[in-house]
$ cat query_23.pdb   # PDB, C-alpha atoms
ATOM      1  CA  MET P 820      15.156 -45.316  -5.814  1.00  0.00           C
ATOM      2  CA  LYS P 821      14.207 -44.751  -2.205  1.00  0.00           C
ATOM      3  CA  PRO P 822      12.140 -41.737  -1.101  1.00  0.00           C
ATOM      4  CA  ALA P 823      13.936 -38.634   0.116  1.00  0.00           C
ATOM      5  CA  THR P 824      14.112 -38.167   3.863  1.00  0.00           C
ATOM      6  CA  PRO P 825      13.097 -34.892   5.522  1.00  0.00           C
ATOM      7  CA  ALA P 826      16.686 -34.397   6.708  1.00  0.00           C
ATOM      8  CA  PHE P 827      17.947 -34.714   3.134  1.00  0.00           C
ATOM      9  CA  LEU P 828      15.325 -32.238   1.899  1.00  0.00           C
ATOM     10  CA  ASN P 829      16.210 -29.774   4.665  1.00  0.00           C
ATOM     11  CA  GLU P 830      19.899 -30.051   3.810  1.00  0.00           C
ATOM     12  CA  LEU P 831      19.183 -29.578   0.117  1.00  0.00           C
ATOM     13  CA  THR P 832      17.006 -26.538   0.838  1.00  0.00           C
ATOM     14  CA  ASP P 833      19.721 -25.024   3.040  1.00  0.00           C
ATOM     15  CA  LYS P 834      22.392 -25.561   0.372  1.00  0.00           C
ATOM     16  CA  LEU P 835      20.202 -24.022  -2.335  1.00  0.00           C
ATOM     17  CA  GLY P 836      19.512 -21.051  -0.067  1.00  0.00           C
ATOM     18  CA  GLU P 837      23.243 -20.526   0.477  1.00  0.00           C
ATOM     19  CA  ILE P 838      23.915 -20.729  -3.254  1.00  0.00           C
ATOM     20  CA  LEU P 839      21.232 -18.130  -3.954  1.00  0.00           C
ATOM     21  CA  LYS P 840      22.595 -15.830  -1.242  1.00  0.00           C
ATOM     22  CA  GLN P 841      26.016 -15.915  -2.887  1.00  0.00           C
ATOM     23  CA  SER P 842      24.717 -15.458  -6.423  1.00  0.00           C
ATOM     24  CA  PRO P 843      24.577 -12.125  -8.233  1.00  0.00           C
ATOM     25  CA  ALA P 844      20.774 -12.491  -8.369  1.00  0.00           C
ATOM     26  CA  LYS P 845      20.578 -11.198  -4.787  1.00  0.00           C
ATOM     27  CA  ASP P 846      22.596  -8.092  -5.711  1.00  0.00           C
ATOM     28  CA  ILE P 847      20.470  -7.528  -8.803  1.00  0.00           C
ATOM     29  CA  GLU P 848      17.297  -7.811  -6.734  1.00  0.00           C
ATOM     30  CA  HIS P 849      18.661  -5.387  -4.128  1.00  0.00           C
ATOM     31  CA  ASN P 850      19.742  -2.860  -6.779  1.00  0.00           C
ATOM     32  CA  LEU P 851      16.429  -3.155  -8.595  1.00  0.00           C
ATOM     33  CA  LYS P 852      14.484  -2.551  -5.387  1.00  0.00           C
ATOM     34  CA  ALA P 853      16.653   0.466  -4.587  1.00  0.00           C
ATOM     35  CA  GLY P 854      16.130   1.862  -8.084  1.00  0.00           C
ATOM     36  CA  VAL P 855      12.374   1.417  -7.978  1.00  0.00           C
ATOM     37  CA  THR P 856      12.208   2.953  -4.502  1.00  0.00           C
ATOM     38  CA  ALA P 857      14.218   5.949  -5.701  1.00  0.00           C
ATOM     39  CA  MET P 858      11.967   6.404  -8.744  1.00  0.00           C
ATOM     40  CA  LEU P 859       8.810   6.177  -6.637  1.00  0.00           C
ATOM     41  CA  GLY P 860      10.311   8.647  -4.164  1.00  0.00           C
ATOM     42  CA  LYS P 861      10.556  11.230  -6.928  1.00  0.00           C
ATOM     43  CA  LEU P 862       6.867  10.902  -7.752  1.00  0.00           C
ATOM     44  CA  ASP P 863       4.350  13.050  -5.933  1.00  0.00           C
ATOM     45  CA  MET P 864       2.555  10.221  -4.158  1.00  0.00           C
ATOM     46  CA  VAL P 865       0.954   9.719  -0.760  1.00  0.00           C
ATOM     47  CA  SER P 866       0.954   6.678   1.454  1.00  0.00           C
ATOM     48  CA  ARG P 867      -2.112   4.450   1.688  1.00  0.00           C
ATOM     49  CA  GLU P 868      -2.585   5.531   5.298  1.00  0.00           C
ATOM     50  CA  GLU P 869      -2.582   9.221   4.361  1.00  0.00           C
ATOM     51  CA  PHE P 870      -4.973   8.513   1.482  1.00  0.00           C
ATOM     52  CA  ASP P 871      -7.386   6.702   3.819  1.00  0.00           C
ATOM     53  CA  VAL P 872      -7.262   9.581   6.325  1.00  0.00           C
ATOM     54  CA  GLN P 873      -8.003  12.129   3.611  1.00  0.00           C
ATOM     55  CA  THR P 874     -10.865   9.957   2.320  1.00  0.00           C
ATOM     56  CA  GLU P 875     -12.435  10.027   5.796  1.00  0.00           C
ATOM     57  CA  VAL P 876     -11.969  13.799   6.039  1.00  0.00           C
ATOM     58  CA  LEU P 877     -13.619  14.239   2.642  1.00  0.00           C
ATOM     59  CA  ALA P 878     -16.574  12.049   3.644  1.00  0.00           C
ATOM     60  CA  ARG P 879     -17.137  14.122   6.817  1.00  0.00           C
ATOM     61  CA  THR P 880     -16.849  17.358   4.832  1.00  0.00           C
ATOM     62  CA  ARG P 881     -19.395  16.134   2.296  1.00  0.00           C
ATOM     63  CA  ALA P 882     -21.809  15.209   5.085  1.00  0.00           C
ATOM     64  CA  GLN P 883     -21.424  18.669   6.643  1.00  0.00           C
ATOM     65  CA  LEU P 884     -21.958  20.320   3.253  1.00  0.00           C
ATOM     66  CA  GLU P 885     -25.134  18.329   2.668  1.00  0.00           C
ATOM     67  CA  ALA P 886     -26.420  19.295   6.120  1.00  0.00           C
ATOM     68  CA  LEU P 887     -25.668  22.978   5.464  1.00  0.00           C
ATOM     69  CA  GLU P 888     -27.343  22.848   2.058  1.00  0.00           C
ATOM     70  CA  ALA P 889     -30.446  21.302   3.619  1.00  0.00           C
ATOM     71  CA  ARG P 890     -30.460  23.954   6.347  1.00  0.00           C
ATOM     72  CA  LEU P 891     -30.068  26.741   3.778  1.00  0.00           C
ATOM     73  CA  ALA P 892     -32.919  25.335   1.702  1.00  0.00           C
ATOM     74  CA  GLU P 893     -35.118  25.240   4.819  1.00  0.00           C
ATOM     75  CA  LEU P 894     -34.240  28.845   5.720  1.00  0.00           C
ATOM     76  CA  GLU P 895     -34.976  30.011   2.172  1.00  0.00           C
ATOM     77  CA  LYS P 896     -38.285  28.151   2.263  1.00  0.00           C
ATOM     78  CA  GLN P 897     -39.208  29.859   5.577  1.00  0.00           C
ATOM     79  CA  ARG P 898     -38.259  33.286   4.215  1.00  0.00           C
ATOM     80  CA  THR P 899     -40.495  32.994   1.177  1.00  0.00           C
ATOM     81  CA  ALA P 900     -43.433  31.596   3.143  1.00  0.00           C
TER      82      ALA P 900
END
$ encode --input "query_23.pdb" --output "structure tokens"
Amino acid sequence: MKPATPAFLNELTDKLGEILKQSPAKDIEHNLKAGVTAMLGKLDMVSREEFDVQTEVLARTRAQLEALEARLAELEKQRTA
């Protein structure tokens, strides 16, 4: 048996690709993706980008809160002194 040539492998790959495109598996995959997308759309979820933005906002807010708490503690310390 002689080794397969690249042209033969390319032709075989192309034929298999065409067979898969014409098979019901492609329709099943498409319908499954559509169903999952519809189900996820009904959930109350945020995108990763929105989540990352809100994480940054929360980090800045926490830093401001810590600064204000430190300032308040200093003012209370000055008042009692």
$ atom_distance --input "query_23.pdb" --atom1 "atom CA of P:Gly854" --atom2 "atom CA of P:Ser842"
19.4 Å
$ atom_distance --input "query_23.pdb" --atom1 "atom CA of P:Asp871" --atom2 "atom CA of P:Thr856"
21.6 Å
$ atom_distance --input "query_23.pdb" --atom1 "atom CA of P:Thr874" --atom2 "atom CA of P:Lys861"
23.4 Å
$ axis_aligned_box --input "query_23.pdb" --around "stretch 856-860 of chain P" --padding-each-side "6 Å" --output "AutoDock Vina command-line options"
--center_x 11.5 --center_y 5.8 --center_z -6.5 --size_x 17.4 --size_y 17.7 --size_z 16.6
$ decode --input "query_23.pdb" --residues "stretch 833-878 of chain P" --atoms "N, CA and C atoms" --output "PDB file, in the first residue's frame"
ATOM      1  N   ASP P 833     -12.342  17.380   1.747  1.00  0.00           N
ATOM      2  CA  ASP P 833     -13.396  18.175   1.110  1.00  0.00           C
ATOM      3  C   ASP P 833     -14.688  17.370   0.967  1.00  0.00           C
ATOM      4  N   LYS P 834     -14.556  16.104   0.541  1.00  0.00           N
ATOM      5  CA  LYS P 834     -15.743  15.262   0.376  1.00  0.00           C
ATOM      6  C   LYS P 834     -16.432  15.005   1.710  1.00  0.00           C
ATOM      7  N   LEU P 835     -15.634  14.746   2.756  1.00  0.00           N
ATOM      8  CA  LEU P 835     -16.226  14.530   4.081  1.00  0.00           C
ATOM      9  C   LEU P 835     -16.924  15.797   4.575  1.00  0.00           C
ATOM     10  N   GLY P 836     -16.318  16.945   4.316  1.00  0.00           N
ATOM     11  CA  GLY P 836     -16.945  18.210   4.700  1.00  0.00           C
ATOM     12  C   GLY P 836     -18.273  18.415   4.012  1.00  0.00           C
ATOM     13  N   GLU P 837     -18.346  18.073   2.714  1.00  0.00           N
ATOM     14  CA  GLU P 837     -19.598  18.210   1.969  1.00  0.00           C
ATOM     15  C   GLU P 837     -20.663  17.251   2.511  1.00  0.00           C
ATOM     16  N   ILE P 838     -20.247  16.052   2.837  1.00  0.00           N
ATOM     17  CA  ILE P 838     -21.195  15.071   3.386  1.00  0.00           C
ATOM     18  C   ILE P 838     -21.762  15.574   4.711  1.00  0.00           C
ATOM     19  N   LEU P 839     -20.892  16.116   5.554  1.00  0.00           N
ATOM     20  CA  LEU P 839     -21.357  16.627   6.849  1.00  0.00           C
ATOM     21  C   LEU P 839     -22.273  17.830   6.689  1.00  0.00           C
ATOM     22  N   LYS P 840     -21.991  18.673   5.686  1.00  0.00           N
ATOM     23  CA  LYS P 840     -22.854  19.841   5.457  1.00  0.00           C
ATOM     24  C   LYS P 840     -24.257  19.421   5.045  1.00  0.00           C
ATOM     25  N   GLN P 841     -24.359  18.308   4.328  1.00  0.00           N
ATOM     26  CA  GLN P 841     -25.649  17.842   3.843  1.00  0.00           C
ATOM     27  C   GLN P 841     -26.363  16.933   4.838  1.00  0.00           C
ATOM     28  N   SER P 842     -25.699  16.573   5.906  1.00  0.00           N
ATOM     29  CA  SER P 842     -26.298  15.640   6.865  1.00  0.00           C
ATOM     30  C   SER P 842     -27.230  16.372   7.823  1.00  0.00           C
ATOM     31  N   PRO P 843     -28.126  15.655   8.452  1.00  0.00           N
ATOM     32  CA  PRO P 843     -29.025  16.278   9.426  1.00  0.00           C
ATOM     33  C   PRO P 843     -28.289  16.736  10.688  1.00  0.00           C
ATOM     34  N   ALA P 844     -27.051  16.297  10.872  1.00  0.00           N
ATOM     35  CA  ALA P 844     -26.289  16.704  12.062  1.00  0.00           C
ATOM     36  C   ALA P 844     -26.119  18.214  12.095  1.00  0.00           C
ATOM     37  N   LYS P 845     -25.942  18.834  10.938  1.00  0.00           N
ATOM     38  CA  LYS P 845     -25.779  20.291  10.872  1.00  0.00           C
ATOM     39  C   LYS P 845     -27.066  20.984  11.329  1.00  0.00           C
ATOM     40  N   ASP P 846     -28.209  20.480  10.892  1.00  0.00           N
ATOM     41  CA  ASP P 846     -29.495  21.050  11.311  1.00  0.00           C
ATOM     42  C   ASP P 846     -29.710  20.862  12.802  1.00  0.00           C
ATOM     43  N   ILE P 847     -29.352  19.691  13.309  1.00  0.00           N
ATOM     44  CA  ILE P 847     -29.509  19.420  14.738  1.00  0.00           C
ATOM     45  C   ILE P 847     -28.636  20.377  15.542  1.00  0.00           C
ATOM     46  N   GLU P 848     -27.400  20.557  15.088  1.00  0.00           N
ATOM     47  CA  GLU P 848     -26.491  21.475  15.784  1.00  0.00           C
ATOM     48  C   GLU P 848     -27.050  22.894  15.771  1.00  0.00           C
ATOM     49  N   HIS P 849     -27.543  23.331  14.624  1.00  0.00           N
ATOM     50  CA  HIS P 849     -28.106  24.682  14.504  1.00  0.00           C
ATOM     51  C   HIS P 849     -29.305  24.855  15.424  1.00  0.00           C
ATOM     52  N   ASN P 850     -30.213  23.869  15.426  1.00  0.00           N
ATOM     53  CA  ASN P 850     -31.406  23.942  16.276  1.00  0.00           C
ATOM     54  C   ASN P 850     -31.047  23.904  17.755  1.00  0.00           C
ATOM     55  N   LEU P 851     -30.053  23.097  18.100  1.00  0.00           N
ATOM     56  CA  LEU P 851     -29.621  23.016  19.488  1.00  0.00           C
ATOM     57  C   LEU P 851     -29.026  24.344  19.947  1.00  0.00           C
ATOM     58  N   LYS P 852     -28.194  24.944  19.103  1.00  0.00           N
ATOM     59  CA  LYS P 852     -27.618  26.244  19.443  1.00  0.00           C
ATOM     60  C   LYS P 852     -28.710  27.293  19.614  1.00  0.00           C
ATOM     61  N   ALA P 853     -29.687  27.287  18.723  1.00  0.00           N
ATOM     62  CA  ALA P 853     -30.783  28.253  18.815  1.00  0.00           C
ATOM     63  C   ALA P 853     -31.577  28.048  20.101  1.00  0.00           C
ATOM     64  N   GLY P 854     -31.819  26.788  20.452  1.00  0.00           N
ATOM     65  CA  GLY P 854     -32.557  26.494  21.681  1.00  0.00           C
ATOM     66  C   GLY P 854     -31.806  26.933  22.922  1.00  0.00           C
ATOM     67  N   VAL P 855     -30.522  26.648  22.959  1.00  0.00           N
ATOM     68  CA  VAL P 855     -29.716  27.049  24.118  1.00  0.00           C
ATOM     69  C   VAL P 855     -29.646  28.569  24.208  1.00  0.00           C
ATOM     70  N   THR P 856     -29.468  29.234  23.077  1.00  0.00           N
ATOM     71  CA  THR P 856     -29.424  30.696  23.073  1.00  0.00           C
ATOM     72  C   THR P 856     -30.738  31.281  23.574  1.00  0.00           C
ATOM     73  N   ALA P 857     -31.849  30.700  23.162  1.00  0.00           N
ATOM     74  CA  ALA P 857     -33.156  31.178  23.615  1.00  0.00           C
ATOM     75  C   ALA P 857     -33.319  30.974  25.122  1.00  0.00           C
ATOM     76  N   MET P 858     -32.888  29.811  25.615  1.00  0.00           N
ATOM     77  CA  MET P 858     -32.997  29.544  27.056  1.00  0.00           C
ATOM     78  C   MET P 858     -32.121  30.507  27.847  1.00  0.00           C
ATOM     79  N   LEU P 859     -30.909  30.742  27.389  1.00  0.00           N
ATOM     80  CA  LEU P 859     -30.014  31.661  28.095  1.00  0.00           C
ATOM     81  C   LEU P 859     -30.534  33.098  28.030  1.00  0.00           C
ATOM     82  N   GLY P 860     -31.219  33.424  26.942  1.00  0.00           N
ATOM     83  CA  GLY P 860     -31.796  34.765  26.808  1.00  0.00           C
ATOM     84  C   GLY P 860     -32.881  35.027  27.834  1.00  0.00           C
ATOM     85  N   LYS P 861     -33.555  33.983  28.277  1.00  0.00           N
ATOM     86  CA  LYS P 861     -34.615  34.136  29.266  1.00  0.00           C
ATOM     87  C   LYS P 861     -34.066  34.306  30.680  1.00  0.00           C
ATOM     88  N   LEU P 862     -32.822  33.898  30.884  1.00  0.00           N
ATOM     89  CA  LEU P 862     -32.216  34.030  32.203  1.00  0.00           C
ATOM     90  C   LEU P 862     -31.766  35.470  32.425  1.00  0.00           C
ATOM     91  N   ASP P 863     -31.742  35.876  33.658  1.00  0.00           N
ATOM     92  CA  ASP P 863     -31.326  37.229  34.002  1.00  0.00           C
ATOM     93  C   ASP P 863     -29.807  37.229  34.174  1.00  0.00           C
ATOM     94  N   MET P 864     -29.100  37.325  33.053  1.00  0.00           N
ATOM     95  CA  MET P 864     -27.649  37.250  33.074  1.00  0.00           C
ATOM     96  C   MET P 864     -27.050  38.504  32.443  1.00  0.00           C
ATOM     97  N   VAL P 865     -25.798  38.765  32.777  1.00  0.00           N
ATOM     98  CA  VAL P 865     -25.080  39.890  32.185  1.00  0.00           C
ATOM     99  C   VAL P 865     -23.916  39.346  31.370  1.00  0.00           C
ATOM    100  N   SER P 866     -23.451  40.176  30.453  1.00  0.00           N
ATOM    101  CA  SER P 866     -22.313  39.769  29.640  1.00  0.00           C
ATOM    102  C   SER P 866     -21.033  39.841  30.469  1.00  0.00           C
ATOM    103  N   ARG P 867     -20.007  39.190  30.012  1.00  0.00           N
ATOM    104  CA  ARG P 867     -18.714  39.212  30.714  1.00  0.00           C
ATOM    105  C   ARG P 867     -18.171  40.633  30.759  1.00  0.00           C
ATOM    106  N   GLU P 868     -18.351  41.366  29.666  1.00  0.00           N
ATOM    107  CA  GLU P 868     -17.870  42.748  29.613  1.00  0.00           C
ATOM    108  C   GLU P 868     -18.570  43.608  30.667  1.00  0.00           C
ATOM    109  N   GLU P 869     -19.883  43.480  30.770  1.00  0.00           N
ATOM    110  CA  GLU P 869     -20.629  44.247  31.767  1.00  0.00           C
ATOM    111  C   GLU P 869     -20.216  43.846  33.186  1.00  0.00           C
ATOM    112  N   PHE P 870     -19.995  42.552  33.398  1.00  0.00           N
ATOM    113  CA  PHE P 870     -19.553  42.067  34.700  1.00  0.00           C
ATOM    114  C   PHE P 870     -18.204  42.674  35.067  1.00  0.00           C
ATOM    115  N   ASP P 871     -17.270  42.702  34.118  1.00  0.00           N
ATOM    116  CA  ASP P 871     -15.943  43.259  34.371  1.00  0.00           C
ATOM    117  C   ASP P 871     -16.021  44.758  34.692  1.00  0.00           C
ATOM    118  N   VAL P 872     -16.892  45.473  33.974  1.00  0.00           N
ATOM    119  CA  VAL P 872     -17.064  46.908  34.237  1.00  0.00           C
ATOM    120  C   VAL P 872     -17.598  47.115  35.646  1.00  0.00           C
ATOM    121  N   GLN P 873     -18.600  46.342  36.032  1.00  0.00           N
ATOM    122  CA  GLN P 873     -19.182  46.492  37.360  1.00  0.00           C
ATOM    123  C   GLN P 873     -18.188  46.094  38.455  1.00  0.00           C
ATOM    124  N   THR P 874     -17.317  45.140  38.173  1.00  0.00           N
ATOM    125  CA  THR P 874     -16.280  44.750  39.126  1.00  0.00           C
ATOM    126  C   THR P 874     -15.331  45.914  39.364  1.00  0.00           C
ATOM    127  N   GLU P 875     -14.961  46.621  38.296  1.00  0.00           N
ATOM    128  CA  GLU P 875     -14.083  47.789  38.430  1.00  0.00           C
ATOM    129  C   GLU P 875     -14.769  48.904  39.222  1.00  0.00           C
ATOM    130  N   VAL P 876     -16.046  49.132  38.935  1.00  0.00           N
ATOM    131  CA  VAL P 876     -16.799  50.159  39.659  1.00  0.00           C
ATOM    132  C   VAL P 876     -16.853  49.809  41.143  1.00  0.00           C
ATOM    133  N   LEU P 877     -17.100  48.562  41.456  1.00  0.00           N
ATOM    134  CA  LEU P 877     -17.154  48.124  42.850  1.00  0.00           C
ATOM    135  C   LEU P 877     -15.809  48.307  43.541  1.00  0.00           C
ATOM    136  N   ALA P 878     -14.729  47.996  42.858  1.00  0.00           N
ATOM    137  CA  ALA P 878     -13.390  48.162  43.452  1.00  0.00           C
ATOM    138  C   ALA P 878     -13.119  49.639  43.759  1.00  0.00           C
TER     139      ALA P 878
END
